[in-house]
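**Student:** So that we are looking at the same thing, I have put the structure below in structure tokens.
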Amino acid sequence: MHKRNALLGIAAAAALACTGQAHAQSTPDWPNGPVRLVTPTPVGVGSDAFARLYADRLSKLLSAAVVVENRPGASSTLGTDAVAKAAPNGQTFLFSTSLPITTVPHLMAKLPYHPEKDLVPVAALFRGGSFVVASQSFTGKSLREMVSIAKQKPGSLNYATYGPASTANLGMELLQDAAGIDMVQIAYKQSAMPDLMSGQLDVGWEPASSALPNIRSGKLRALAYTGDKRSATQPDVPTLSELYPGLELFTWIGIWAPTGTSPAVIERMRKALETASKDPQIVSALHETGNKVLNLTPAQMQANIARESQSMERLIKAKKIVIN
């Protein structure tokens, strides 16, 4: 059976965890230096824009510099490992999808970190779908036409991802399985947008935050939305499930800290994030990209992480998904 490189992010949430470690007494002085939000995504891709919006708001709320550090690569494990190995002093947090926590552990035999032992959840922020997009020069004007072209000439079409086990990789692989087609993956370390817009690439699977500006400007054509219903921002774009029932994919963004971080620091950060999510600029950006704020109790967050991990394990085994 053909094995595909893939990874799925679906809507779920993170949990507030209390560790009982040191640093609680230093909370009144926290933060005592710049706070890093490490994101395992390239600059300008996916959650990067939101990481910067939250960093700007958190800088004001915490009265300290909050900076975004992009550490993409190795199926999101480079940035995740950097946080897992950081000092638990409240100065470093992971701003990421759930992928390196709930899914990558089932795809890679050896990880440099242990998601449960090395990281503690702080908050779940928001969730949303993505867009299947095509260059304006691509002859297919719809998802149905793209599939038809791919069936007529197997292996002739390519699609952009951000590497094996990225959300785009898994989403496109599952779409290919559902449609019975075979396309070629072109993996990027940085944004694939320039090549998509220039026509060097045929199709991409892009988060709404990076896809929508180019869809609205006419530089890209939206073929489908990956959520369970049409995007309010692009109501004329059909969902994947309209052509392939049950094919619905979300990603969600959460915050994690190194294990050993003071529970008091984690709680203060959680409250600051909750306040930041109500900021008009962030609310507007979330609405414009079709994302939904996640309001879950800590117990609900923890339960959802466990359920997502279990469902990803079942999916990966059933589809025989691997990372080469």
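Letters A, B, ... mark the chains of the structure tokens in the order given; residue numbers begin at 1 per chain; ligand numbers begin at 1, in order shown.
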Which residues are close to segment 127-143 of chain A, i.e. within 9 Å by only C-alpha atoms, leaving aside same-chain residues fewer than 4 positions away? Reply as a PyMOL selection string.

**Tutor:** chain A and resi 10-13+147-149+159+168+172+195-209+211-212+215+218-228+231+238-240+243+248-253+286+289-294

**Student:** When DSSP works through the backbone of this structure, what residues of segment 233-311 of chain A end up as strand (DSSP E), shown as a ChimeraX atom specification?

**Tutor:** /A:251-258,292-293

**Student:** Tell me, which residues of segment 176-301 of chain A carry DSSP alpha helix (DSSP H), written as number ranges by chain?

**Tutor:** A: 176-179, 193-198, 208-216, 240-243, 263-276, 280-288, 298-301

**Student:** Need to verify the contact set: Gly79 of chain A, 12 Å, only C-alpha atoms, exclusion of same-chain residues closer than 2 positions in sequence. Can you return it as a count of residues only?

**Tutor:** 35

**Student:** When you count only C-alpha atoms, which of these residues is closest to Leu107 of chain A: A:Leu247, A:Val120, A:Val66, A:Leu170?

**Tutor:** A:Leu170
